[in-house]
>>> print(open('upload07.pdb').read())   # PDB, C-alpha atoms, pLDDT in the B column
ATOM      1  CA  MET P 217     -13.659   2.340  -5.302  1.00 95.00           C
ATOM      2  CA  MET P 218     -11.029  -0.388  -5.011  1.00 97.00           C
ATOM      3  CA  ILE P 219      -8.354  -1.154  -2.443  1.00 98.00           C
ATOM      4  CA  TRP P 220      -5.129  -2.350  -4.050  1.00 98.00           C
ATOM      5  CA  ILE P 221      -2.536  -4.203  -1.968  1.00 98.00           C
ATOM      6  CA  ASP P 222       1.081  -4.518  -3.058  1.00 97.00           C
ATOM      7  CA  ALA P 223       0.892  -7.933  -1.473  1.00 96.00           C
ATOM      8  CA  ASP P 224       4.300  -9.606  -1.693  1.00 90.00           C
ATOM      9  CA  ALA P 225       5.773  -7.629   1.218  1.00 87.00           C
ATOM     10  CA  CYS P 226       2.556  -6.620   2.977  1.00 95.00           C
ATOM     11  CA  PRO P 227       2.456  -7.954   6.554  1.00 95.00           C
ATOM     12  CA  LYS P 228      -0.267 -10.458   7.413  1.00 95.00           C
ATOM     13  CA  MET P 229      -1.669  -8.275  10.224  1.00 95.00           C
ATOM     14  CA  VAL P 230      -2.125  -5.383   7.773  1.00 97.00           C
ATOM     15  CA  LYS P 231      -3.880  -7.615   5.238  1.00 97.00           C
ATOM     16  CA  GLU P 232      -6.212  -8.889   7.985  1.00 97.00           C
ATOM     17  CA  ILE P 233      -7.243  -5.328   8.878  1.00 98.00           C
ATOM     18  CA  ILE P 234      -7.959  -4.624   5.206  1.00 98.00           C
ATOM     19  CA  PHE P 235      -9.889  -7.884   4.702  1.00 98.00           C
ATOM     20  CA  ASN P 236     -12.098  -7.146   7.716  1.00 97.00           C
ATOM     21  CA  ALA P 237     -12.797  -3.610   6.493  1.00 98.00           C
ATOM     22  CA  SER P 238     -13.537  -4.884   2.992  1.00 98.00           C
ATOM     23  CA  ILE P 239     -16.173  -7.292   4.239  1.00 97.00           C
ATOM     24  CA  LYS P 240     -17.637  -4.871   6.797  1.00 97.00           C
ATOM     25  CA  ARG P 241     -17.875  -1.962   4.324  1.00 97.00           C
ATOM     26  CA  SER P 242     -18.419  -3.898   1.075  1.00 97.00           C
ATOM     27  CA  VAL P 243     -15.306  -2.518  -0.602  1.00 98.00           C
ATOM     28  CA  PRO P 244     -13.504  -4.677  -3.165  1.00 98.00           C
ATOM     29  CA  VAL P 245      -9.842  -5.520  -2.579  1.00 98.00           C
ATOM     30  CA  THR P 246      -7.314  -6.777  -5.098  1.00 98.00           C
ATOM     31  CA  LEU P 247      -3.997  -8.152  -3.930  1.00 98.00           C
ATOM     32  CA  VAL P 248      -1.256  -8.020  -6.558  1.00 98.00           C
ATOM     33  CA  ALA P 249       1.639 -10.431  -6.081  1.00 97.00           C
ATOM     34  CA  ASN P 250       4.286 -12.481  -7.865  1.00 95.00           C
ATOM     35  CA  SER P 251       2.954 -15.700  -6.334  1.00 94.00           C
ATOM     36  CA  ASN P 252      -0.357 -17.044  -5.121  1.00 95.00           C
ATOM     37  CA  MET P 253      -1.242 -16.597  -1.449  1.00 94.00           C
ATOM     38  CA  PHE P 254      -4.117 -17.233   0.909  1.00 93.00           C
ATOM     39  CA  ILE P 255      -7.067 -14.877   0.712  1.00 96.00           C
ATOM     40  CA  PRO P 256     -10.396 -15.174   2.510  1.00 96.00           C
ATOM     41  CA  MET P 257     -13.328 -16.669   0.647  1.00 95.00           C
ATOM     42  CA  SER P 258     -15.201 -13.519  -0.301  1.00 97.00           C
ATOM     43  CA  PRO P 259     -16.507 -12.193  -3.591  1.00 97.00           C
ATOM     44  CA  LEU P 260     -15.001  -8.836  -2.565  1.00 98.00           C
ATOM     45  CA  ILE P 261     -11.412 -10.099  -2.237  1.00 98.00           C
ATOM     46  CA  SER P 262      -9.323 -11.251  -5.182  1.00 98.00           C
ATOM     47  CA  ILE P 263      -5.705 -11.791  -6.083  1.00 98.00           C
ATOM     48  CA  THR P 264      -3.911 -11.067  -9.327  1.00 98.00           C
ATOM     49  CA  VAL P 265      -0.720 -13.043  -9.744  1.00 98.00           C
ATOM     50  CA  VAL P 266       1.711 -11.333 -12.109  1.00 97.00           C
ATOM     51  CA  GLU P 267       4.840 -12.791 -13.634  1.00 95.00           C
ATOM     52  CA  ASP P 268       8.116 -12.604 -11.766  1.00 92.00           C
ATOM     53  CA  GLY P 269      10.212  -9.587 -12.508  1.00 88.00           C
ATOM     54  CA  LEU P 270      11.351  -6.292 -11.145  1.00 84.00           C
ATOM     55  CA  ASP P 271       8.393  -3.966 -10.469  1.00 90.00           C
ATOM     56  CA  VAL P 272       5.881  -6.079 -12.453  1.00 96.00           C
ATOM     57  CA  ALA P 273       3.335  -5.947  -9.617  1.00 95.00           C
ATOM     58  CA  ASP P 274       3.974  -2.224  -9.164  1.00 95.00           C
ATOM     59  CA  LYS P 275       3.368  -1.558 -12.865  1.00 97.00           C
ATOM     60  CA  PHE P 276       0.127  -3.552 -12.736  1.00 98.00           C
ATOM     61  CA  ILE P 277      -1.132  -1.468  -9.834  1.00 98.00           C
ATOM     62  CA  VAL P 278      -0.125   1.835 -11.463  1.00 97.00           C
ATOM     63  CA  ASP P 279      -1.786   0.819 -14.746  1.00 98.00           C
ATOM     64  CA  ASN P 280      -5.043  -0.268 -13.090  1.00 98.00           C
ATOM     65  CA  CYS P 281      -5.667   2.019 -10.103  1.00 98.00           C
ATOM     66  CA  LYS P 282      -7.743   5.143 -10.541  1.00 97.00           C
ATOM     67  CA  ILE P 283      -8.708   8.257  -8.640  1.00 95.00           C
ATOM     68  CA  GLY P 284     -10.873   7.257  -5.686  1.00 95.00           C
ATOM     69  CA  ASP P 285      -8.906   4.046  -5.063  1.00 97.00           C
ATOM     70  CA  LEU P 286      -6.625   3.326  -2.121  1.00 98.00           C
ATOM     71  CA  VAL P 287      -3.221   1.655  -2.549  1.00 98.00           C
ATOM     72  CA  ILE P 288      -1.447  -0.101   0.328  1.00 98.00           C
ATOM     73  CA  THR P 289       2.301  -0.308  -0.230  1.00 96.00           C
ATOM     74  CA  ALA P 290       5.635  -0.036   1.541  1.00 90.00           C
ATOM     75  CA  ASP P 291       7.235   0.662  -1.847  1.00 89.00           C
ATOM     76  CA  ILE P 292       7.897   4.401  -1.927  1.00 86.00           C
ATOM     77  CA  PRO P 293       8.520   4.638  -5.704  1.00 89.00           C
ATOM     78  CA  LEU P 294       5.167   2.882  -6.269  1.00 93.00           C
ATOM     79  CA  ALA P 295       3.508   5.281  -3.824  1.00 93.00           C
ATOM     80  CA  SER P 296       5.005   8.204  -5.749  1.00 91.00           C
ATOM     81  CA  PHE P 297       3.635   6.908  -9.064  1.00 93.00           C
ATOM     82  CA  VAL P 298       0.107   6.381  -7.744  1.00 95.00           C
ATOM     83  CA  VAL P 299       0.043   9.722  -5.926  1.00 95.00           C
ATOM     84  CA  ASP P 300       1.071  11.357  -9.221  1.00 93.00           C
ATOM     85  CA  LYS P 301      -2.086   9.764 -10.693  1.00 95.00           C
ATOM     86  CA  GLY P 302      -4.191  11.324  -7.925  1.00 94.00           C
ATOM     87  CA  VAL P 303      -4.600   8.054  -5.997  1.00 96.00           C
ATOM     88  CA  VAL P 304      -4.228   7.833  -2.216  1.00 94.00           C
ATOM     89  CA  ALA P 305      -1.431   5.582  -0.913  1.00 96.00           C
ATOM     90  CA  ILE P 306      -0.736   4.445   2.636  1.00 96.00           C
ATOM     91  CA  ASN P 307       2.087   2.285   3.959  1.00 94.00           C
ATOM     92  CA  PRO P 308       1.801  -0.599   6.455  1.00 95.00           C
ATOM     93  CA  ARG P 309       2.932   1.741   9.254  1.00 92.00           C
ATOM     94  CA  GLY P 310      -0.062   4.021   8.640  1.00 93.00           C
ATOM     95  CA  ASP P 311       1.746   6.875   6.896  1.00 91.00           C
ATOM     96  CA  VAL P 312      -0.342   8.429   4.148  1.00 92.00           C
ATOM     97  CA  TYR P 313       1.521   9.521   1.034  1.00 90.00           C
ATOM     98  CA  THR P 314       0.297  12.808  -0.390  1.00 84.00           C
ATOM     99  CA  GLU P 315       1.336  15.187  -3.151  1.00 74.00           C
ATOM    100  CA  GLU P 316       2.848  17.325  -0.392  1.00 71.00           C
ATOM    101  CA  ASN P 317       5.082  14.653   1.163  1.00 68.00           C
ATOM    102  CA  VAL P 318       5.764  11.810  -1.274  1.00 64.00           C
ATOM    103  CA  LYS P 319       8.654  13.449  -3.162  1.00 66.00           C
ATOM    104  CA  GLU P 320      10.444  14.239   0.106  1.00 68.00           C
ATOM    105  CA  VAL P 321       9.884  10.688   1.373  1.00 59.00           C
ATOM    106  CA  LEU P 322      11.193   9.336  -1.958  1.00 58.00           C
ATOM    107  CA  ALA P 323      14.299  11.544  -1.778  1.00 58.00           C
ATOM    108  CA  THR P 324      14.981  10.379   1.793  1.00 60.00           C
ATOM    109  CA  ARG P 325      14.538   6.743   0.742  1.00 53.00           C
ATOM    110  CA  ASN P 326      16.983   7.224  -2.150  1.00 51.00           C
ATOM    111  CA  LEU P 327      19.540   8.842   0.162  1.00 55.00           C
ATOM    112  CA  MET P 328      19.254   6.001   2.675  1.00 58.00           C
ATOM    113  CA  GLN P 329      19.612   3.449  -0.131  1.00 63.00           C
ATOM    114  CA  ASP P 330      22.774   5.221  -1.347  1.00 58.00           C
ATOM    115  CA  LEU P 331      24.210   5.286   2.179  1.00 55.00           C
ATOM    116  CA  ARG P 332      23.523   1.547   2.552  1.00 58.00           C
ATOM    117  CA  SER P 333      25.178   0.779  -0.804  1.00 70.00           C
ATOM    118  CA  PHE P 334      28.334   2.651   0.275  1.00 67.00           C
ATOM    119  CA  GLY P 335      28.379   0.838   3.620  1.00 72.00           C
ATOM    120  CA  GLU P 336      27.657   4.019   5.563  1.00 66.00           C
ATOM    121  CA  LEU P 337      24.416   2.660   6.956  1.00 59.00           C
ATOM    122  CA  ARG P 338      23.245  -0.832   7.825  1.00 63.00           C
ATOM    123  CA  GLY P 339      19.843  -2.395   8.214  1.00 63.00           C
ATOM    124  CA  GLY P 340      16.391  -1.175   7.446  1.00 61.00           C
ATOM    125  CA  PRO P 341      13.330  -0.182   9.377  1.00 68.00           C
ATOM    126  CA  PRO P 342      12.461  -2.114  12.530  1.00 71.00           C
ATOM    127  CA  PRO P 343       9.797  -4.827  12.365  1.00 79.00           C
ATOM    128  CA  LEU P 344       6.184  -3.777  12.749  1.00 85.00           C
ATOM    129  CA  GLY P 345       4.943  -3.717  16.312  1.00 90.00           C
ATOM    130  CA  PRO P 346       1.599  -3.184  18.077  1.00 92.00           C
ATOM    131  CA  LYS P 347       1.893   0.623  17.821  1.00 94.00           C
ATOM    132  CA  ASP P 348       2.453   0.340  14.059  1.00 93.00           C
ATOM    133  CA  LYS P 349      -0.595  -1.918  13.738  1.00 94.00           C
ATOM    134  CA  ALA P 350      -2.741   0.599  15.630  1.00 96.00           C
ATOM    135  CA  LYS P 351      -1.369   3.507  13.567  1.00 95.00           C
ATOM    136  CA  PHE P 352      -2.087   1.617  10.340  1.00 97.00           C
ATOM    137  CA  ALA P 353      -5.616   0.713  11.440  1.00 97.00           C
ATOM    138  CA  SER P 354      -6.337   4.331  12.348  1.00 97.00           C
ATOM    139  CA  GLY P 355      -4.836   5.845   9.188  1.00 95.00           C
ATOM    140  CA  PHE P 356      -6.416   3.228   6.954  1.00 97.00           C
ATOM    141  CA  ASP P 357      -9.854   3.718   8.511  1.00 97.00           C
ATOM    142  CA  ARG P 358      -9.570   7.496   8.202  1.00 96.00           C
ATOM    143  CA  GLU P 359      -8.573   7.371   4.513  1.00 96.00           C
ATOM    144  CA  LEU P 360     -11.114   4.660   3.661  1.00 97.00           C
ATOM    145  CA  THR P 361     -13.903   6.641   5.330  1.00 96.00           C
ATOM    146  CA  ARG P 362     -12.859   9.812   3.510  1.00 95.00           C
ATOM    147  CA  LEU P 363     -12.746   8.061   0.127  1.00 95.00           C
ATOM    148  CA  LEU P 364     -16.088   6.311   0.680  1.00 96.00           C
ATOM    149  CA  LYS P 365     -17.741   9.651   1.497  1.00 94.00           C
ATOM    150  CA  LYS P 366     -16.331  11.109  -1.746  1.00 87.00           C
ATOM    151  CA  ASP P 367     -17.527   8.060  -3.693  1.00 75.00           C
ATOM    152  CA  ARG P 368     -21.181   8.654  -2.812  1.00 66.00           C
TER     153      ARG P 368
END
>>> encode(input="upload07.pdb", output="structure tokens")
Amino acid sequence: MMIWIDADACPKMVKEIIFNASIKRSVPVTLVANSNMFIPMSPLISITVVEDGLDVADKFIVDNCKIGDLVITADIPLASFVVDKGVVAINPRGDVYTEENVKEVLATRNLMQDLRSFGELRGGPPPLGPKDKAKFASGFDRELTRLLKKDR
């Protein structure tokens, strides 16, 4: 089992929760990003820096994740691709993407993007707050526990 983090836009508080769980539960984590960033000194935590470009990090994650892994991403198209592979995805707000919900979430995201491009809608989601952090920690722990039980 591996935890993959779409790291460029992943909030620091979310990464810290994942790093702590990685060390506590001995689960490897790979951050994938377009630039180098700080990671804790641990043999379980690594970073893969990919070249700049649209969706290069996403493609790397899709190409390398496998069933039994967990992907952390706010990128709904990436979540859709990994769920199609049978991989669990969760966003930094603690929402788990499943075969049952990811296509609807993707369609909603596309609609909102269209509305923004036509000037019908402004802004994006609000910044993460303490409730989001707690929801992420709970959802992440639940999915990690479930996947670790399957892995045995």
>>> closest_residue(input="upload07.pdb", among="P:Val245, P:Ala353, P:Val299, P:Leu270", to="P:Ile221", atoms="all atoms listed in the file")
P:Val245
>>> closest_atom_pairs(input="upload07.pdb", of="stretch 279-306 of chain P", to="stretch 246-256 of chain P", cutoff="12 Å", atoms="all atoms listed in the file", output="Markdown table")
| residue | atom | partner | partner_atom | distance |
| --- | --- | --- | --- | --- |
| P:Asn280 | CA | P:Thr246 | CA | 10.6 |
| P:Cys281 | CA | P:Thr246 | CA | 10.3 |
| P:Asp285 | CA | P:Thr246 | CA | 10.9 |
| P:Leu286 | CA | P:Thr246 | CA | 10.6 |
| P:Val287 | CA | P:Thr246 | CA | 9.7 |
| P:Ile288 | CA | P:Leu247 | CA | 9.5 |
| P:Thr289 | CA | P:Val248 | CA | 10.6 |
>>> residues_around(input="upload07.pdb", residues="P:Phe356", least_positions_apart="6", cutoff="10 Å", atoms="all atoms listed in the file", output="list in words")
Val230, Ile233, Ile234, Ala237, Leu286, Ile288, Ala305, Ile306, Asn307, Pro308, Arg309, Gly310, Asp311, Val312, Ala350 and Arg362 of chain P
>>> write_last_selection(input="upload07.pdb", atoms="C-alpha atoms", output="compact mmCIF listing (two decimals), in the coordinates of the input")
# COMPACT_ATOMS: atom_id res chain seq x y z
CA VAL P 230 -2.12 -5.38 7.77
CA ILE P 233 -7.24 -5.33 8.88
CA ILE P 234 -7.96 -4.62 5.21
CA ALA P 237 -12.80 -3.61 6.49
CA LEU P 286 -6.62 3.33 -2.12
CA ILE P 288 -1.45 -0.10 0.33
CA ALA P 305 -1.43 5.58 -0.91
CA ILE P 306 -0.74 4.44 2.64
CA ASN P 307 2.09 2.28 3.96
CA PRO P 308 1.80 -0.60 6.46
CA ARG P 309 2.93 1.74 9.25
CA GLY P 310 -0.06 4.02 8.64
CA ASP P 311 1.75 6.88 6.90
CA VAL P 312 -0.34 8.43 4.15
CA ALA P 350 -2.74 0.60 15.63
CA ARG P 362 -12.86 9.81 3.51
>>> closest_residue(input="upload07.pdb", among="P:Phe297, P:Lys347, P:Ala290, P:Lys366", to="P:Ala225", atoms="all atoms listed in the file")
P:Ala290
>>> atom_distance(input="upload07.pdb", atom1="atom CA of P:Gly345", atom2="atom CA of P:Gly284")
29.2 Å
>>> decode(input="upload07.pdb", residues="stretch 350-365 of chain P", atoms="all heavy atoms", output="mmCIF file, in the first residue's frame")
data_model
loop_
_atom_site.group_PDB
_atom_site.id
_atom_site.type_symbol
_atom_site.label_atom_id
_atom_site.label_comp_id
_atom_site.auth_asym_id
_atom_site.auth_seq_id
_atom_site.Cartn_x
_atom_site.Cartn_y
_atom_site.Cartn_z
ATOM 1 N N ALA P 350 -10.644 18.568 10.685
ATOM 2 C CA ALA P 350 -11.187 17.438 11.454
ATOM 3 C C ALA P 350 -11.875 16.436 10.531
ATOM 4 O O ALA P 350 -11.724 15.222 10.699
ATOM 5 C CB ALA P 350 -12.164 17.943 12.511
ATOM 6 N N LYS P 351 -12.627 16.934 9.546
ATOM 7 C CA LYS P 351 -13.310 16.042 8.601
ATOM 8 C C LYS P 351 -12.291 15.263 7.774
ATOM 9 O O LYS P 351 -12.460 14.075 7.542
ATOM 10 C CB LYS P 351 -14.245 16.840 7.696
ATOM 11 C CG LYS P 351 -15.053 15.958 6.774
ATOM 12 C CD LYS P 351 -16.010 16.766 5.918
ATOM 13 C CE LYS P 351 -16.713 15.836 4.929
ATOM 14 N NZ LYS P 351 -17.393 16.577 3.881
ATOM 15 N N PHE P 352 -11.209 15.943 7.345
ATOM 16 C CA PHE P 352 -10.173 15.235 6.599
ATOM 17 C C PHE P 352 -9.534 14.156 7.466
ATOM 18 O O PHE P 352 -9.386 13.014 7.039
ATOM 19 C CB PHE P 352 -9.078 16.168 6.071
ATOM 20 C CG PHE P 352 -7.963 15.383 5.429
ATOM 21 C CD1 PHE P 352 -8.115 14.887 4.152
ATOM 22 C CD2 PHE P 352 -6.816 15.075 6.133
ATOM 23 C CE1 PHE P 352 -7.124 14.097 3.574
ATOM 24 C CE2 PHE P 352 -5.821 14.289 5.579
ATOM 25 C CZ PHE P 352 -5.973 13.804 4.283
ATOM 26 N N ALA P 353 -9.151 14.524 8.684
ATOM 27 C CA ALA P 353 -8.484 13.566 9.573
ATOM 28 C C ALA P 353 -9.357 12.345 9.798
ATOM 29 O O ALA P 353 -8.876 11.205 9.757
ATOM 30 C CB ALA P 353 -8.137 14.238 10.904
ATOM 31 N N SER P 354 -10.639 12.545 9.995
ATOM 32 C CA SER P 354 -11.565 11.440 10.222
ATOM 33 C C SER P 354 -11.719 10.575 8.975
ATOM 34 O O SER P 354 -11.610 9.344 9.038
ATOM 35 C CB SER P 354 -12.920 12.000 10.655
ATOM 36 O OG SER P 354 -13.862 10.972 10.769
ATOM 37 N N GLY P 355 -11.969 11.207 7.831
ATOM 38 C CA GLY P 355 -12.145 10.452 6.586
ATOM 39 C C GLY P 355 -10.882 9.734 6.167
ATOM 40 O O GLY P 355 -10.913 8.582 5.730
ATOM 41 N N PHE P 356 -9.755 10.406 6.320
ATOM 42 C CA PHE P 356 -8.465 9.804 5.976
ATOM 43 C C PHE P 356 -8.184 8.595 6.857
ATOM 44 O O PHE P 356 -7.814 7.526 6.366
ATOM 45 C CB PHE P 356 -7.351 10.853 6.122
ATOM 46 C CG PHE P 356 -5.970 10.302 5.968
ATOM 47 C CD1 PHE P 356 -5.503 9.916 4.732
ATOM 48 C CD2 PHE P 356 -5.139 10.183 7.069
ATOM 49 C CE1 PHE P 356 -4.209 9.405 4.581
ATOM 50 C CE2 PHE P 356 -3.863 9.668 6.942
ATOM 51 C CZ PHE P 356 -3.389 9.285 5.696
ATOM 52 N N ASP P 357 -8.391 8.742 8.163
ATOM 53 C CA ASP P 357 -8.149 7.631 9.085
ATOM 54 C C ASP P 357 -9.062 6.442 8.770
ATOM 55 O O ASP P 357 -8.624 5.293 8.771
ATOM 56 C CB ASP P 357 -8.337 8.083 10.533
ATOM 57 C CG ASP P 357 -7.995 6.979 11.507
ATOM 58 O OD1 ASP P 357 -6.812 6.562 11.551
ATOM 59 O OD2 ASP P 357 -8.906 6.497 12.202
ATOM 60 N N ARG P 358 -10.314 6.733 8.486
ATOM 61 C CA ARG P 358 -11.271 5.669 8.157
ATOM 62 C C ARG P 358 -10.833 4.900 6.899
ATOM 63 O O ARG P 358 -10.787 3.671 6.887
ATOM 64 C CB ARG P 358 -12.659 6.265 7.972
ATOM 65 C CG ARG P 358 -13.749 5.258 7.667
ATOM 66 C CD ARG P 358 -15.129 5.886 7.487
ATOM 67 N NE ARG P 358 -15.137 6.900 6.438
ATOM 68 C CZ ARG P 358 -15.237 8.211 6.644
ATOM 69 N NH1 ARG P 358 -15.348 8.695 7.868
ATOM 70 N NH2 ARG P 358 -15.245 9.053 5.630
ATOM 71 N N GLU P 359 -10.477 5.639 5.841
ATOM 72 C CA GLU P 359 -10.082 4.984 4.587
ATOM 73 C C GLU P 359 -8.745 4.268 4.732
ATOM 74 O O GLU P 359 -8.575 3.166 4.217
ATOM 75 C CB GLU P 359 -10.028 5.997 3.442
ATOM 76 C CG GLU P 359 -11.380 6.511 3.032
ATOM 77 C CD GLU P 359 -12.359 5.409 2.652
ATOM 78 O OE1 GLU P 359 -12.008 4.518 1.852
ATOM 79 O OE2 GLU P 359 -13.488 5.437 3.179
ATOM 80 N N LEU P 360 -7.797 4.872 5.441
ATOM 81 C CA LEU P 360 -6.500 4.235 5.658
ATOM 82 C C LEU P 360 -6.671 2.948 6.449
ATOM 83 O O LEU P 360 -6.102 1.903 6.090
ATOM 84 C CB LEU P 360 -5.558 5.197 6.382
ATOM 85 C CG LEU P 360 -4.147 4.688 6.649
ATOM 86 C CD1 LEU P 360 -3.443 4.317 5.354
ATOM 87 C CD2 LEU P 360 -3.347 5.745 7.420
ATOM 88 N N THR P 361 -7.469 2.983 7.492
ATOM 89 C CA THR P 361 -7.721 1.778 8.297
ATOM 90 C C THR P 361 -8.362 0.691 7.453
ATOM 91 O O THR P 361 -7.960 -0.477 7.503
ATOM 92 C CB THR P 361 -8.623 2.122 9.506
ATOM 93 O OG1 THR P 361 -7.942 3.096 10.312
ATOM 94 C CG2 THR P 361 -8.944 0.895 10.335
ATOM 95 N N ARG P 362 -9.342 1.065 6.648
ATOM 96 C CA ARG P 362 -10.031 0.096 5.789
ATOM 97 C C ARG P 362 -9.059 -0.538 4.790
ATOM 98 O O ARG P 362 -9.034 -1.754 4.610
ATOM 99 C CB ARG P 362 -11.178 0.789 5.058
ATOM 100 C CG ARG P 362 -12.075 -0.138 4.260
ATOM 101 C CD ARG P 362 -13.199 0.620 3.575
ATOM 102 N NE ARG P 362 -12.729 1.562 2.569
ATOM 103 C CZ ARG P 362 -12.294 1.217 1.361
ATOM 104 N NH1 ARG P 362 -12.265 -0.048 1.007
ATOM 105 N NH2 ARG P 362 -11.893 2.132 0.511
ATOM 106 N N LEU P 363 -8.223 0.284 4.165
ATOM 107 C CA LEU P 363 -7.272 -0.236 3.182
ATOM 108 C C LEU P 363 -6.195 -1.101 3.836
ATOM 109 O O LEU P 363 -5.769 -2.113 3.260
ATOM 110 C CB LEU P 363 -6.636 0.912 2.403
ATOM 111 C CG LEU P 363 -7.559 1.617 1.415
ATOM 112 C CD1 LEU P 363 -6.941 2.920 0.923
ATOM 113 C CD2 LEU P 363 -7.928 0.711 0.249
ATOM 114 N N LEU P 364 -5.745 -0.721 5.025
ATOM 115 C CA LEU P 364 -4.735 -1.529 5.719
ATOM 116 C C LEU P 364 -5.292 -2.883 6.108
ATOM 117 O O LEU P 364 -4.598 -3.899 6.061
ATOM 118 C CB LEU P 364 -4.193 -0.783 6.943
ATOM 119 C CG LEU P 364 -3.249 0.375 6.645
ATOM 120 C CD1 LEU P 364 -2.951 1.173 7.902
ATOM 121 C CD2 LEU P 364 -1.968 -0.114 5.997
ATOM 122 N N LYS P 365 -6.562 -2.941 6.503
ATOM 123 C CA LYS P 365 -7.185 -4.229 6.844
ATOM 124 C C LYS P 365 -7.274 -5.124 5.607
ATOM 125 O O LYS P 365 -7.063 -6.324 5.690
ATOM 126 C CB LYS P 365 -8.580 -4.022 7.443
ATOM 127 C CG LYS P 365 -8.539 -3.545 8.867
ATOM 128 C CD LYS P 365 -9.946 -3.363 9.418
ATOM 129 C CE LYS P 365 -9.881 -2.859 10.841
ATOM 130 N NZ LYS P 365 -11.207 -2.584 11.402
#
